[in-house]
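Visitor: Just dropping this structure here.
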Amino acid sequence: MSGVSRIKEFNLPDLGEGLTEGEILAWLVKEGDTIELNQPIVEVETAKAAVEIPAKWAGQVRSIFHPEGSTVEVGTPIIAIDTDPGAGPVEASTTGAPAADLPTPSAASLAAVEIAPEEGMVEPGLIGGVAPGGRTAVLVGYGPRNAPAKRRPRKGASPERPAATPAASVSPAPAPAPVPAAAPVTAAAAVAAATTVNGNGRPGGLVLAKPPVRKLAKDLGVDLGSLSGSGPLGSITREDVQRAASGTATAAEPPTVAAPATSAAAFGADREQRIPVKGVRRLTAENMSRSAFTAPHVTEFLTVDVTRTMKALDRLRGRREWRDVRVSPLLLVAKAVLLAVRRHPMVNSTWAGDEIVVKEYVNLGIAAATERGLIVPNIKDAGRLTLRELADALTDLVQTAKAGRTSPADMSGGTLTITNVGVFGVDTGTPILPPGESAILAFGAVREMPWVHKGKVRPRQVTTLGLSFDHRIVDGELGSKFLRDIGDFLADPEAALLAWT
């Protein structure tokens with residue numbers, strides 16, 4: 001097997017629903033590791049979730065092309081795997097030809113090869129630093145080579161005529177010998193040749209700083225020439241500029257009079273944080289903006305006495321077959337929503353332009369707050385589940401979301417959503433519809449409050465529900481009846497089950 005056929009490049013796959021890119025969160029393998037087929041090799045965050053991607057081949061990791069934290073487009077190679085590491089070293093030729101057939105390089109070609117920069121030379125990209133080939137780095141590209149220029153002979157000039165020498169017309173003072181073009185130039189010599197030293201012993205006339213640092217200094221009104229850089233070879237960093245802006249930097253000369261601190265310095269960039277919008281956060285922003293300005297939202301509220309629901313949950317927890325099951329008020333809220341959908345199926349529908357798609361299945365979404373942002377995984381065909389199956393599905397959904405392991409498939413295809421804002425101690429809200437859905441219910445905190453019960457004011461367990469719906473599909477009457485049925489179930493779940501099932 002040739003080296004070309006042995007080395008397989010693994011491209012970032014499409015992880016579902018036309019995702020175009022992903023961020024590499026963590027590599028689960030390293031170069032030289034032996035891996036098995038379908039072994040997880042990398043954890044990637046898409047716009048929907050964090051996913052572990054398995055290997056397509058068994059073998060040995062040859063190369064990793066992108067570091068952790070980089071964003072990679074779908075279809076881009078991310079890792080190379082040697083599928084037959086026991087066959088010996090990989091052939092040197094990338095075309096499959098044996099290494100012995102390669103032509104021997106000539107001495108001239110070897111002499112023309114540029115030597116890699118020595119360790120410790122100026123970091124590439126610093127303005128004024130040494131660049132490959134003996135050039136000086138400038139803002140865009142590189143400056144001229146440090147080599148003598150060659151001129152073509154002028155037209156009609158005699159090749160036998162000797163060129164005039166400068167020594168014939170000037171005093172016989174010895175001229176400095178030119179530096180040979182092939183002589184190596186060290187980093188320190190290049191910097192010394194490109195800079196002058198002012199009276200304070202610091203580089204003057206040339207400041208080593210990257211373009212973003214220069215822009216920051218300009219925005220904050222900081223003179224780079226007055227700073228002592230703390231970066232490589234004295235280059236100025238963002239921290240140097242920010243310290244100067246706050247009045248704590250060490251200037252080239254100690255000031256005789258302390259400059260008064262300006263109020264603008266207290267509101268500088270050193271007190272701001274810029275967070276890239278990507279992944280789950282970007283998808284959430286796009287979906288919420290599209291939904292809020294596409295579907296006409298209407299929100300209604302209902303305050304309900306849920307004392308009987310809370311007592312029913314206590315009795316449920318006491319049953320032997322339910323002792324190992326996580327039982328929460330959200331379970332009966334979900335059951336109430338599913339039963340109400342049966343009575344009002346138009347609420348479980350989608351606006352499709354010239355038609356309304358009414359769905360006979362309910363993929364019940366549960367909004368979950370995670371470290372990466374808001375996600376809405378859903379329980380597929382939740383209306384067919386028993387109460388025990390629904391409790392298990394809710395527990396699995398929440399635990400998977402908290403662990404950051406929700407798959408893109410679990411977050412697609414939702415038809416109706418519940419957001420449990422009560423866990424944050426708030427009473428209710430006006431939730432925004434997930435795209436493609438016509439209703440979302442906000443479940444608020446359950447509080448003990450004074451309530452008129454059987455003609456007397458008594459302390460009761462009370463919550464507030466908020467229902468947002470798409471007014472193109474759900475009118476006020478339908479939305480009110482749907483919300484009222486949910487409230488009726490929570491007010492007396494046992495009677496509602498007997499009456500509706």
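Chain labels run A, B, ... following the order of the structure tokens; each chain numbers its residues from 1, and ligands are numbered from 1 in the order shown.
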Excluding same-chain residues fewer than 6 positions from stretch 441-451 of chain A, what lies within 10 Å of it counting only C-alpha atoms, as an NGL selection string?

Guide: :A and (299-301 or 303-307 or 310 or 329-330 or 333-334 or 337 or 366-367 or 416-433 or 457-469 or 483 or 486)

Visitor: May I ask for the distance between atom CA of A:Val327 and atom CA of A:Leu313, given in Å to one decimal place?

Guide: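 Going from atom CA of A:Val327 over to atom CA of A:Leu313, I get 6.9 Å.
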
Visitor: What's the separation between atom CA of A:Glu355 and atom CA of A:Asp485, in Å to one decimal place?

Guide: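 Going from atom CA of A:Glu355 over to atom CA of A:Asp485 covers 26.6 Å.
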
Visitor: So that I can check the surroundings of A:Ile375, please list as an MDAnalysis selection string every protein, DNA and RNA residue that reaches within 12 Å of it, counting only C-alpha atoms and ignoring chain neighbours fewer than 4 positions away.

Guide: chainID A and resid 47:50 279:285 287:288 365:371 397:398 400:402 404:408 410:412 414 417:419 434

Visitor: Run DSSP on the backbone and tell me which residues of stretch 279-360 of chain A come out as helix (DSSP H, G or I); list them as a PyMOL selection string.

Guide: chain A and resi 279-292+307-318+320-322+329-343+345-347

Visitor: Go ahead and dump the residues you just picked, N, CA and C atoms, as a tab-separated table (two decimals), in the first residue's frame.

Guide:
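Saved file again.tsv follows:
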chain	number	residue	atom	x	y	z
A	279	GLY	N	-21.68	29.94	17.66
A	279	GLY	CA	-22.26	28.72	18.20
A	279	GLY	C	-23.71	28.87	18.58
A	280	VAL	N	-24.05	28.35	19.76
A	280	VAL	CA	-25.44	28.36	20.23
A	280	VAL	C	-25.95	29.79	20.38
A	281	ARG	N	-25.10	30.69	20.87
A	281	ARG	CA	-25.54	32.07	21.06
A	281	ARG	C	-25.93	32.72	19.75
A	282	ARG	N	-25.16	32.51	18.70
A	282	ARG	CA	-25.48	33.11	17.41
A	282	ARG	C	-26.78	32.53	16.85
A	283	LEU	N	-26.95	31.20	16.95
A	283	LEU	CA	-28.18	30.58	16.45
A	283	LEU	C	-29.39	31.09	17.20
A	284	THR	N	-29.27	31.22	18.53
A	284	THR	CA	-30.39	31.72	19.33
A	284	THR	C	-30.76	33.14	18.90
A	285	ALA	N	-29.75	33.99	18.71
A	285	ALA	CA	-30.00	35.37	18.30
A	285	ALA	C	-30.70	35.42	16.94
A	286	GLU	N	-30.22	34.62	16.00
A	286	GLU	CA	-30.84	34.62	14.68
A	286	GLU	C	-32.28	34.13	14.74
A	287	ASN	N	-32.52	33.04	15.49
A	287	ASN	CA	-33.87	32.48	15.57
A	287	ASN	C	-34.83	33.43	16.27
A	288	MET	N	-34.39	34.04	17.37
A	288	MET	CA	-35.28	34.94	18.10
A	288	MET	C	-35.59	36.19	17.30
A	289	SER	N	-34.61	36.73	16.60
A	289	SER	CA	-34.85	37.91	15.77
A	289	SER	C	-35.82	37.59	14.63
A	290	ARG	N	-35.59	36.45	13.99
A	290	ARG	CA	-36.47	36.06	12.89
A	290	ARG	C	-37.90	35.84	13.37
A	291	SER	N	-38.05	35.17	14.52
A	291	SER	CA	-39.38	34.88	15.02
A	291	SER	C	-40.10	36.14	15.50
A	292	ALA	N	-39.36	36.98	16.25
A	292	ALA	CA	-39.99	38.17	16.83
A	292	ALA	C	-40.50	39.13	15.77
A	307	THR	N	-52.57	24.09	44.29
A	307	THR	CA	-52.38	23.34	45.53
A	307	THR	C	-52.65	21.85	45.32
A	308	ARG	N	-53.71	21.51	44.59
A	308	ARG	CA	-54.04	20.11	44.37
A	308	ARG	C	-52.98	19.42	43.49
A	309	THR	N	-52.40	20.16	42.58
A	309	THR	CA	-51.30	19.58	41.77
A	309	THR	C	-50.12	19.23	42.65
A	310	MET	N	-49.76	20.12	43.58
A	310	MET	CA	-48.62	19.86	44.46
A	310	MET	C	-48.89	18.68	45.38
A	311	LYS	N	-50.13	18.55	45.84
A	311	LYS	CA	-50.48	17.40	46.67
A	311	LYS	C	-50.46	16.11	45.86
A	312	ALA	N	-50.89	16.19	44.60
A	312	ALA	CA	-50.88	15.00	43.74
A	312	ALA	C	-49.44	14.54	43.50
A	313	LEU	N	-48.52	15.48	43.36
A	313	LEU	CA	-47.11	15.12	43.18
A	313	LEU	C	-46.56	14.42	44.43
A	314	ASP	N	-46.95	14.91	45.61
A	314	ASP	CA	-46.50	14.26	46.84
A	314	ASP	C	-47.01	12.83	46.92
A	315	ARG	N	-48.26	12.60	46.54
A	315	ARG	CA	-48.79	11.24	46.57
A	315	ARG	C	-48.09	10.36	45.55
A	316	LEU	N	-47.77	10.96	44.40
A	316	LEU	CA	-47.09	10.20	43.35
A	316	LEU	C	-45.70	9.77	43.81
A	317	ARG	N	-44.98	10.66	44.49
A	317	ARG	CA	-43.64	10.34	44.97
A	317	ARG	C	-43.68	9.23	46.02
A	318	GLY	N	-44.79	9.11	46.74
A	318	GLY	CA	-44.89	8.11	47.78
A	318	GLY	C	-45.19	6.72	47.27
A	320	ARG	N	-44.62	3.19	45.46
A	320	ARG	CA	-43.42	2.36	45.38
A	320	ARG	C	-42.78	2.41	44.00
A	321	GLU	N	-43.58	2.35	42.93
A	321	GLU	CA	-43.03	2.30	41.58
A	321	GLU	C	-42.49	3.66	41.11
A	322	TRP	N	-42.71	4.71	41.89
A	322	TRP	CA	-42.25	6.04	41.51
A	322	TRP	C	-41.13	6.56	42.41
A	329	PRO	N	-43.08	19.65	39.39
A	329	PRO	CA	-44.28	20.28	38.84
A	329	PRO	C	-44.26	20.36	37.32
A	330	LEU	N	-43.06	20.44	36.71
A	330	LEU	CA	-42.98	20.51	35.25
A	330	LEU	C	-43.60	19.28	34.59
A	331	LEU	N	-43.55	18.15	35.27
A	331	LEU	CA	-44.12	16.92	34.71
A	331	LEU	C	-45.62	17.08	34.47
A	332	LEU	N	-46.34	17.58	35.47
A	332	LEU	CA	-47.79	17.73	35.31
A	332	LEU	C	-48.13	18.91	34.40
A	333	VAL	N	-47.27	19.93	34.34
A	333	VAL	CA	-47.49	21.01	33.37
A	333	VAL	C	-47.39	20.45	31.95
A	334	ALA	N	-46.39	19.61	31.71
A	334	ALA	CA	-46.24	18.99	30.38
A	334	ALA	C	-47.44	18.12	30.05
A	335	LYS	N	-47.92	17.37	31.03
A	335	LYS	CA	-49.10	16.53	30.79
A	335	LYS	C	-50.32	17.39	30.49
A	336	ALA	N	-50.46	18.50	31.20
A	336	ALA	CA	-51.59	19.40	30.95
A	336	ALA	C	-51.54	19.96	29.53
A	337	VAL	N	-50.34	20.33	29.06
A	337	VAL	CA	-50.19	20.87	27.70
A	337	VAL	C	-50.55	19.82	26.66
A	338	LEU	N	-50.10	18.59	26.86
A	338	LEU	CA	-50.37	17.53	25.89
A	338	LEU	C	-51.86	17.22	25.81
A	339	LEU	N	-52.55	17.22	26.95
A	339	LEU	CA	-54.00	16.97	26.93
A	339	LEU	C	-54.74	18.15	26.31
A	340	ALA	N	-54.28	19.37	26.56
A	340	ALA	CA	-54.93	20.53	25.97
A	340	ALA	C	-54.76	20.57	24.46
A	341	VAL	N	-53.62	20.07	23.95
A	341	VAL	CA	-53.41	20.01	22.51
A	341	VAL	C	-54.42	19.06	21.86
A	342	ARG	N	-54.72	17.97	22.52
A	342	ARG	CA	-55.73	17.06	21.98
A	342	ARG	C	-57.07	17.75	21.81
A	343	ARG	N	-57.38	18.63	22.72
A	343	ARG	CA	-58.66	19.34	22.67
A	343	ARG	C	-58.63	20.52	21.71
A	345	PRO	N	-56.23	21.07	18.63
A	345	PRO	CA	-55.08	20.67	17.79
A	345	PRO	C	-54.52	21.80	16.93
A	346	MET	N	-55.31	22.85	16.66
A	346	MET	CA	-54.80	23.94	15.82
A	346	MET	C	-53.61	24.65	16.48
A	347	VAL	N	-53.50	24.58	17.81
A	347	VAL	CA	-52.38	25.23	18.49
A	347	VAL	C	-51.06	24.56	18.12

Visitor: So that I can see what lies close to A:Val74, please list as a short mmCIF file (atom, residue, chain, number, x, y, z; two decimals) with all heavy atoms, in the first residue's frame the residues with an atom at most 6 Å from it, counting only C-alpha atoms and leaving out residues fewer than 5 positions away in the same chain.

Guide:
data_model
loop_
_atom_site.label_atom_id
_atom_site.label_comp_id
_atom_site.auth_asym_id
_atom_site.auth_seq_id
_atom_site.Cartn_x
_atom_site.Cartn_y
_atom_site.Cartn_z
N LEU A 12 -14.37 17.54 8.26
CA LEU A 12 -15.44 17.85 9.19
C LEU A 12 -16.78 17.58 8.53
O LEU A 12 -17.11 18.19 7.50
CB LEU A 12 -15.37 19.32 9.64
CG LEU A 12 -16.44 19.77 10.62
CD1 LEU A 12 -16.27 19.06 11.97
CD2 LEU A 12 -16.40 21.28 10.82
N PRO A 13 -17.60 16.67 9.08
CA PRO A 13 -18.86 16.32 8.42
C PRO A 13 -19.96 17.32 8.72
O PRO A 13 -19.86 18.12 9.66
CB PRO A 13 -19.18 14.95 9.02
CG PRO A 13 -18.57 15.01 10.39
CD PRO A 13 -17.34 15.85 10.27
N ASP A 14 -21.02 17.27 7.90
CA ASP A 14 -22.22 18.04 8.17
C ASP A 14 -22.96 17.33 9.29
O ASP A 14 -23.43 16.20 9.14
CB ASP A 14 -23.09 18.12 6.91
CG ASP A 14 -24.34 18.96 7.11
OD1 ASP A 14 -24.59 19.40 8.26
OD2 ASP A 14 -25.08 19.18 6.14
N THR A 20 -22.92 24.80 8.51
CA THR A 20 -21.82 25.13 7.61
C THR A 20 -20.46 25.15 8.28
O THR A 20 -19.45 25.11 7.60
CB THR A 20 -22.07 26.51 6.98
OG1 THR A 20 -22.18 27.50 8.01
CG2 THR A 20 -23.36 26.49 6.16
N GLU A 21 -20.41 25.21 9.63
CA GLU A 21 -19.13 25.29 10.30
C GLU A 21 -19.26 24.78 11.73
O GLU A 21 -20.38 24.59 12.25
CB GLU A 21 -18.60 26.72 10.31
CG GLU A 21 -19.49 27.69 11.10
CD GLU A 21 -19.00 29.11 11.04
OE1 GLU A 21 -18.17 29.42 10.16
OE2 GLU A 21 -19.43 29.93 11.87
#

Visitor: Pick out the closest residue to A:Gly436 from this set: A:Thr71, A:Leu394, A:Thr294, A:Pro377. Count only C-alpha atoms.

Guide: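 Among A:Thr71, A:Leu394, A:Thr294, A:Pro377, it is A:Thr294 that comes nearest to A:Gly436.
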
Visitor: If we count only C-alpha atoms and set the cut-off at 7 Å, which residues sit around A:Gly59, ignoring sequence neighbours fewer than 6 positions away in its own chain? Please answer as a PDB file with N, CA, C and O atoms, in the first residue's frame.

Guide:
ATOM      1  N   THR A  34      -2.780   5.592  18.616  1.00  0.00           N
ATOM      2  CA  THR A  34      -3.443   4.535  17.859  1.00  0.00           C
ATOM      3  C   THR A  34      -4.931   4.569  18.201  1.00  0.00           C
ATOM      4  O   THR A  34      -5.299   4.560  19.377  1.00  0.00           O
ATOM      5  N   ILE A  35      -5.771   4.636  17.180  1.00  0.00           N
ATOM      6  CA  ILE A  35      -7.207   4.784  17.395  1.00  0.00           C
ATOM      7  C   ILE A  35      -7.943   3.629  16.745  1.00  0.00           C
ATOM      8  O   ILE A  35      -7.424   2.944  15.847  1.00  0.00           O
ATOM      9  N   GLU A  36      -9.177   3.421  17.186  1.00  0.00           N
ATOM     10  CA  GLU A  36     -10.029   2.370  16.658  1.00  0.00           C
ATOM     11  C   GLU A  36     -11.164   2.974  15.841  1.00  0.00           C
ATOM     12  O   GLU A  36     -11.457   4.163  15.950  1.00  0.00           O
ATOM     13  N   ILE A  81      -5.073  10.287   9.176  1.00  0.00           N
ATOM     14  CA  ILE A  81      -4.938   9.008   9.863  1.00  0.00           C
ATOM     15  C   ILE A  81      -4.196   8.028   8.961  1.00  0.00           C
ATOM     16  O   ILE A  81      -4.557   7.858   7.791  1.00  0.00           O
ATOM     17  N   ASP A  82      -3.153   7.414   9.500  1.00  0.00           N
ATOM     18  CA  ASP A  82      -2.432   6.347   8.798  1.00  0.00           C
ATOM     19  C   ASP A  82      -3.178   5.047   9.064  1.00  0.00           C
ATOM     20  O   ASP A  82      -3.208   4.547  10.189  1.00  0.00           O
ATOM     21  N   THR A  83      -3.813   4.516   8.019  1.00  0.00           N
ATOM     22  CA  THR A  83      -4.665   3.339   8.196  1.00  0.00           C
ATOM     23  C   THR A  83      -3.877   2.034   8.233  1.00  0.00           C
ATOM     24  O   THR A  83      -4.451   0.986   8.496  1.00  0.00           O
ATOM     25  N   ASP A  84      -2.573   2.082   7.959  1.00  0.00           N
ATOM     26  CA  ASP A  84      -1.750   0.867   8.007  1.00  0.00           C
ATOM     27  C   ASP A  84      -0.388   1.209   8.602  1.00  0.00           C
ATOM     28  O   ASP A  84       0.643   1.173   7.916  1.00  0.00           O
ATOM     29  N   PRO A  85      -0.366   1.587   9.899  1.00  0.00           N
ATOM     30  CA  PRO A  85       0.914   2.015  10.488  1.00  0.00           C
ATOM     31  C   PRO A  85       1.935   0.891  10.590  1.00  0.00           C
ATOM     32  O   PRO A  85       3.136   1.151  10.669  1.00  0.00           O
TER      33      PRO A  85
END

Visitor: Please compute the atom CA of A:Gln273-atom CA of A:Leu208 distance, one decimal, in Å.

Guide: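 These two atoms are separated by 25.6 Å.
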
Visitor: DSSP on the backbone: which residues in stretch 451-490 of chain A end up as strand (DSSP E or B)? Give the answer as a ChimeraX atom specification.

Guide: /A:451-453,456-470

Visitor: Can you write out the residues you just picked, keeping N, CA and C atoms, as a CSV table (one decimal), in the first residue's frame?

Guide:
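Okay, this is what ended up in out26.csv:
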chain,number,residue,atom,x,y,z
A,451,TRP,N,-55.3,33.3,49.0
A,451,TRP,CA,-56.2,33.0,47.9
A,451,TRP,C,-57.6,32.7,48.5
A,452,VAL,N,-58.6,33.1,47.8
A,452,VAL,CA,-60.0,32.8,48.2
A,452,VAL,C,-60.3,31.4,47.8
A,453,HIS,N,-60.5,30.6,48.8
A,453,HIS,CA,-60.8,29.2,48.6
A,453,HIS,C,-62.1,28.8,49.5
A,456,LYS,N,-63.3,31.6,51.7
A,456,LYS,CA,-62.4,32.1,52.7
A,456,LYS,C,-61.0,32.4,52.2
A,457,VAL,N,-60.4,33.4,52.7
A,457,VAL,CA,-59.0,33.6,52.3
A,457,VAL,C,-58.1,32.7,53.1
A,458,ARG,N,-57.4,31.9,52.3
A,458,ARG,CA,-56.5,30.8,52.8
A,458,ARG,C,-55.1,30.9,52.1
A,459,PRO,N,-54.1,30.4,52.7
A,459,PRO,CA,-52.8,30.3,52.0
A,459,PRO,C,-52.8,29.1,51.1
A,460,ARG,N,-52.6,29.4,49.8
A,460,ARG,CA,-52.6,28.3,48.8
A,460,ARG,C,-51.3,28.4,47.9
A,461,GLN,N,-51.0,27.3,47.2
A,461,GLN,CA,-49.9,27.3,46.3
A,461,GLN,C,-50.4,27.8,44.9
A,462,VAL,N,-49.8,28.9,44.5
A,462,VAL,CA,-50.3,29.7,43.3
A,462,VAL,C,-49.1,29.8,42.3
A,463,THR,N,-49.5,29.7,41.0
A,463,THR,CA,-48.5,30.1,40.0
A,463,THR,C,-49.2,30.9,38.9
A,464,THR,N,-48.4,31.5,38.0
A,464,THR,CA,-48.9,32.3,36.9
A,464,THR,C,-48.3,31.7,35.6
A,465,LEU,N,-49.2,31.5,34.6
A,465,LEU,CA,-48.9,30.9,33.3
A,465,LEU,C,-48.9,32.1,32.3
A,466,GLY,N,-48.0,32.1,31.4
A,466,GLY,CA,-48.0,33.0,30.3
A,466,GLY,C,-47.9,32.3,28.9
A,467,LEU,N,-48.9,32.5,28.1
A,467,LEU,CA,-48.9,31.8,26.8
A,467,LEU,C,-48.7,32.8,25.7
A,468,SER,N,-47.7,32.6,24.9
A,468,SER,CA,-47.5,33.4,23.7
A,468,SER,C,-47.9,32.6,22.5
A,469,PHE,N,-48.6,33.1,21.5
A,469,PHE,CA,-49.0,32.4,20.3
A,469,PHE,C,-48.9,33.2,19.1
A,470,ASP,N,-48.8,32.6,18.0
A,470,ASP,CA,-48.8,33.2,16.6
A,470,ASP,C,-50.2,33.6,16.3
